[in-house]
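Below: one structure, written as structure tokens.
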Amino acid sequence: MRFDRSTADRAPWWLKSLAWAGLGFLHLPIVMIVLYAFNTETSAYSFPLKGFTLHWFSIAFANPDVLAAIGLSIKIALVATLLAMVLGTMAAGALYRGSFFGKEAVTLMLILPIALPGIITGLSLLAAFRLAGVAPGFWTIAVGHATFCVVVVYNNVVARLRRNSMSLIEASMDLGADPWQTFRHIVLPQIATALLAGGILAFALSFDEIIVTTFTAGNEVTLPIWLLNQLTRPRDVPVTNVVAMTVMLLTTLPIIAAWRLTSGTEDIAGSGK
């Protein structure tokens with residue numbers, strides 16, 4: 001059955017209403033957090049809002065613990081993203097075209113860290129680090145995040161590689177280019193937007209990760225862990241709302257950027273059909 005815009009326009013009104021109601025229900029908590037970040041009331045959530053203020057923003061971003069948590073989360077996300085981009089691109093290059101024994105098993109291993117519940121991934125990483133005698137800290141968090149960020153980059157890059165024509169790579173090699181020159185001048189320009197989009201998604205995924213971080217952080221306090229600790233401090237609800245809204249912005253904007261980068265790039269010069 002063919003589905004197009006005209007088919008969607010013919011959907012019954014009650015189905016459209018249910019769809020919008022479901023979206024509203026999912027986004028209502030986010031809207032409430034944003035609204036109460038500007039509320040003048042210092043107590044927990046009270047309705048209606050008492051007034052509008054920007055006072056809590058100055059308090060939140062003058063708090064050294066908040067700034068330290070944000071800085072740590074950004075550093076970890078950058079390292080995890082870099083690792084994911086390198087490993088994900090290498091995995092995509094090795095798996096997208098060739099066929100060999102165990103290929104499906106390798107693909108499954110790439111997907112498992114993000115497909116499994118976070119608590120399983122976290123426990124597995126903690127056990128592995130303890131077995132290796134590695135103390136939890138910055139690098140254990142970054143490596144832990146990279147394990148499930150790799151698949152985001154891999155999926156973007158392998159999809160782009162499968163749409164590219166191998167004739168360009170073969171022509172480059174026939175003309176005397178070595179593998180590095182071929183990758184730099186032929187492959188990389190064609191996968192650049194997909195690679196960047198995968199990196200942006202990996203950054204957003206790492207920045208607000210809490211479950212795996214809890215098992216691998218040790219004494220480090222990332223921004224999600226700071227927010228989790230704030231749940232026991234009801235008097236700091238306005239500041240918590242401000243920081244939560246900041247997390248949402250710092251994760252939503254990269255996702256939108258990744259979508260914009262990959263939209264309309266399905267047709268590539270020299271792409272294979």
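Here's how to read the names in the structure tokens: chain A, B, ... by the order shown, residue numbers from 1 in each chain, ligand numbers from 1 in the order shown.
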
Out of range 63-268 of chain A, which residues get alpha helix (DSSP H) from DSSP, as a PyMOL selection string?
-> chain A and resi 64-95+103-115+118-131+138-163+166-174+179-182+188-207+211-216+223-230+237-262

Interface rows for range 34-75 of chain A against range 142-148 of chain A: nearest pair, Å to one decimal, 12 Å, only C-alpha atoms, as JSON lines:
{"residue": "A:Leu72", "atom": "CA", "partner": "A:Ala142", "partner_atom": "CA", "distance": 10.4}
{"residue": "A:Ser73", "atom": "CA", "partner": "A:Ala142", "partner_atom": "CA", "distance": 9.5}
{"residue": "A:Ile74", "atom": "CA", "partner": "A:Ala142", "partner_atom": "CA", "distance": 10.6}
{"residue": "A:Lys75", "atom": "CA", "partner": "A:Ala142", "partner_atom": "CA", "distance": 8.7}

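Interatomic distance, CA of Asn39 in chain A against CA of Phe52 in chain A: 5.2 Å.
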
Contact table range 200-245 of chain A vs range 113-133 of chain A, cut-off 12 Å, shortest pair per residue, only C-alpha atoms, as JSON lines:
{"residue": "A:Ala202", "atom": "CA", "partner": "A:Ile114", "partner_atom": "CA", "distance": 11.4}
{"residue": "A:Leu205", "atom": "CA", "partner": "A:Ile114", "partner_atom": "CA", "distance": 10.3}
{"residue": "A:Ser206", "atom": "CA", "partner": "A:Ile114", "partner_atom": "CA", "distance": 11.5}
{"residue": "A:Glu209", "atom": "CA", "partner": "A:Gly118", "partner_atom": "CA", "distance": 9.3}
{"residue": "A:Ile210", "atom": "CA", "partner": "A:Gly118", "partner_atom": "CA", "distance": 8.8}
{"residue": "A:Ile211", "atom": "CA", "partner": "A:Gly118", "partner_atom": "CA", "distance": 5.7}
{"residue": "A:Val212", "atom": "CA", "partner": "A:Gly122", "partner_atom": "CA", "distance": 4.3}
{"residue": "A:Thr213", "atom": "CA", "partner": "A:Gly122", "partner_atom": "CA", "distance": 7.3}
{"residue": "A:Thr214", "atom": "CA", "partner": "A:Gly122", "partner_atom": "CA", "distance": 7.7}
{"residue": "A:Phe215", "atom": "CA", "partner": "A:Gly122", "partner_atom": "CA", "distance": 5.4}
{"residue": "A:Thr216", "atom": "CA", "partner": "A:Leu126", "partner_atom": "CA", "distance": 6.0}
{"residue": "A:Ala217", "atom": "CA", "partner": "A:Leu126", "partner_atom": "CA", "distance": 9.6}
{"residue": "A:Gly218", "atom": "CA", "partner": "A:Leu126", "partner_atom": "CA", "distance": 10.0}

Using the selection just defined, write its residues with C-alpha atoms as a JSON list (two decimals), in the first residue's frame.
[["chain", "number", "residue", "atom", "x", "y", "z"],
["A", 202, "ALA", "CA", 26.63, 10.78, 20.06],
["A", 205, "LEU", "CA", 23.47, 10.88, 23.93],
["A", 206, "SER", "CA", 26.55, 11.07, 26.13],
["A", 209, "GLU", "CA", 23.42, 9.75, 30.15],
["A", 210, "ILE", "CA", 22.72, 8.79, 33.77],
["A", 211, "ILE", "CA", 22.40, 5.01, 34.22],
["A", 212, "VAL", "CA", 25.74, 3.87, 32.77],
["A", 213, "THR", "CA", 27.39, 6.93, 34.33],
["A", 214, "THR", "CA", 26.20, 5.93, 37.79],
["A", 215, "PHE", "CA", 28.13, 2.64, 37.56],
["A", 216, "THR", "CA", 31.30, 4.09, 36.03],
["A", 217, "ALA", "CA", 31.62, 7.53, 37.65],
["A", 218, "GLY", "CA", 33.23, 6.74, 40.98]]

Closest atom pairs, residues of range 14-127 of chain A within 9 Å of range 222-230 of chain A, only C-alpha atoms, as a tab-separated table:
residue	atom	partner	partner_atom	distance
A:Asp65	CA	A:Trp226	CA	8.3
A:Val66	CA	A:Leu223	CA	7.2
A:Leu67	CA	A:Leu223	CA	8.8
A:Ala68	CA	A:Thr222	CA	8.1
A:Ala69	CA	A:Leu223	CA	4.6
A:Ile70	CA	A:Leu223	CA	5.4
A:Gly71	CA	A:Thr222	CA	8.3
A:Leu72	CA	A:Thr222	CA	5.9
A:Ser73	CA	A:Thr222	CA	5.2
A:Ile74	CA	A:Thr222	CA	9.0
A:Ile76	CA	A:Thr222	CA	8.8

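Near Met90 in chain A, within 12 Å and counting only C-alpha atoms, sit Leu83, Ala84, Met85, Val86, Leu87, Gly88, Ala92, Gly93, Ala94, Leu95, Tyr96, Val150, Val151, Val153, Tyr154, Asn155, Val157, Val158, Leu161, Phe183, Leu188 and Leu195 of chain A; same-chain residues fewer than 2 positions away were not included.
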
Pull C-alpha atoms from the residues just selected and write them as a PDB file, in the first residue's frame.
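Printed below is part_28.pdb as written:
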ATOM      1  CA  LEU A  83      36.155   7.745  20.250  1.00  0.00           C
ATOM      2  CA  ALA A  84      32.778   6.862  18.748  1.00  0.00           C
ATOM      3  CA  MET A  85      33.498   8.713  15.505  1.00  0.00           C
ATOM      4  CA  VAL A  86      36.840   6.966  15.010  1.00  0.00           C
ATOM      5  CA  LEU A  87      35.655   3.470  15.976  1.00  0.00           C
ATOM      6  CA  GLY A  88      32.254   3.821  14.290  1.00  0.00           C
ATOM      7  CA  ALA A  92      31.456   0.920   9.003  1.00  0.00           C
ATOM      8  CA  GLY A  93      34.342   0.814   6.541  1.00  0.00           C
ATOM      9  CA  ALA A  94      35.127  -2.780   7.479  1.00  0.00           C
ATOM     10  CA  LEU A  95      31.570  -4.106   7.459  1.00  0.00           C
ATOM     11  CA  TYR A  96      29.554  -2.196   4.860  1.00  0.00           C
ATOM     12  CA  VAL A 150      29.686   3.927  18.504  1.00  0.00           C
ATOM     13  CA  VAL A 151      26.526   2.416  17.032  1.00  0.00           C
ATOM     14  CA  VAL A 153      28.012   6.881  14.288  1.00  0.00           C
ATOM     15  CA  TYR A 154      28.225   3.431  12.700  1.00  0.00           C
ATOM     16  CA  ASN A 155      24.593   3.472  11.572  1.00  0.00           C
ATOM     17  CA  VAL A 157      28.219   6.168   8.195  1.00  0.00           C
ATOM     18  CA  VAL A 158      27.377   2.656   7.006  1.00  0.00           C
ATOM     19  CA  LEU A 161      28.664   4.206   2.418  1.00  0.00           C
ATOM     20  CA  PHE A 183      39.837   7.982   2.103  1.00  0.00           C
ATOM     21  CA  LEU A 188      35.560  11.382   3.599  1.00  0.00           C
ATOM     22  CA  LEU A 195      29.779  11.404  10.151  1.00  0.00           C
TER      23      LEU A 195
END

Selection: 9 Å around Tyr36 in chain A, only C-alpha atoms, excl. self and same-chain fewer than 4 positions, as a list of chain:residue names | A:Val31, A:Met32, A:Thr40, A:Glu41, A:Tyr45, A:Ser46, A:Leu49, A:Val237, A:Pro238, A:Asn241, A:Val242

Find the residues near Ala244 in chain A: any atom within 9 Å, counting only C-alpha atoms, skip ones fewer than 3 places away on the same chain, and give them as an MDAnalysis selection string.
-> chainID A and resid 33:34 37 224 227 239:241 247:249

I need the residues from that last selection saved to file as a short mmCIF file (atom, residue, chain, number, x, y, z; two decimals), in the first residue's frame (with N, CA and C atoms), if you can.
data_model
loop_
_atom_site.label_atom_id
_atom_site.label_comp_id
_atom_site.auth_asym_id
_atom_site.auth_seq_id
_atom_site.Cartn_x
_atom_site.Cartn_y
_atom_site.Cartn_z
N ILE A 33 8.50 21.96 33.33
CA ILE A 33 9.85 22.28 33.83
C ILE A 33 10.28 23.66 33.33
N VAL A 34 10.03 23.94 32.06
CA VAL A 34 10.41 25.23 31.50
C VAL A 34 9.64 26.36 32.19
N ALA A 37 10.85 27.05 35.72
CA ALA A 37 12.18 27.63 35.79
C ALA A 37 12.12 29.15 35.89
N PRO A 224 23.99 15.07 34.87
CA PRO A 224 22.84 14.22 35.21
C PRO A 224 22.89 13.70 36.64
N LEU A 227 21.84 16.47 38.95
CA LEU A 227 20.38 16.61 38.93
C LEU A 227 19.71 15.52 39.76
N VAL A 239 16.16 26.17 40.96
CA VAL A 239 17.49 26.04 40.37
C VAL A 239 17.60 24.74 39.59
N THR A 240 17.04 23.67 40.15
CA THR A 240 17.06 22.38 39.45
C THR A 240 16.33 22.47 38.12
N ASN A 241 15.21 23.18 38.10
CA ASN A 241 14.46 23.36 36.85
C ASN A 241 15.28 24.10 35.81
N VAL A 247 19.96 21.32 30.24
CA VAL A 247 20.28 20.00 29.70
C VAL A 247 19.42 19.71 28.48
N MET A 248 18.13 20.04 28.56
CA MET A 248 17.25 19.78 27.42
C MET A 248 17.69 20.58 26.20
N LEU A 249 18.09 21.82 26.40
CA LEU A 249 18.54 22.64 25.27
C LEU A 249 19.83 22.09 24.68
#

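With only C-alpha atoms as the atoms that count, the residue of A:Ile255, A:Ala77, A:Arg10, A:Ile59 with the shortest distance to Phe138 in chain A is A:Ala77.
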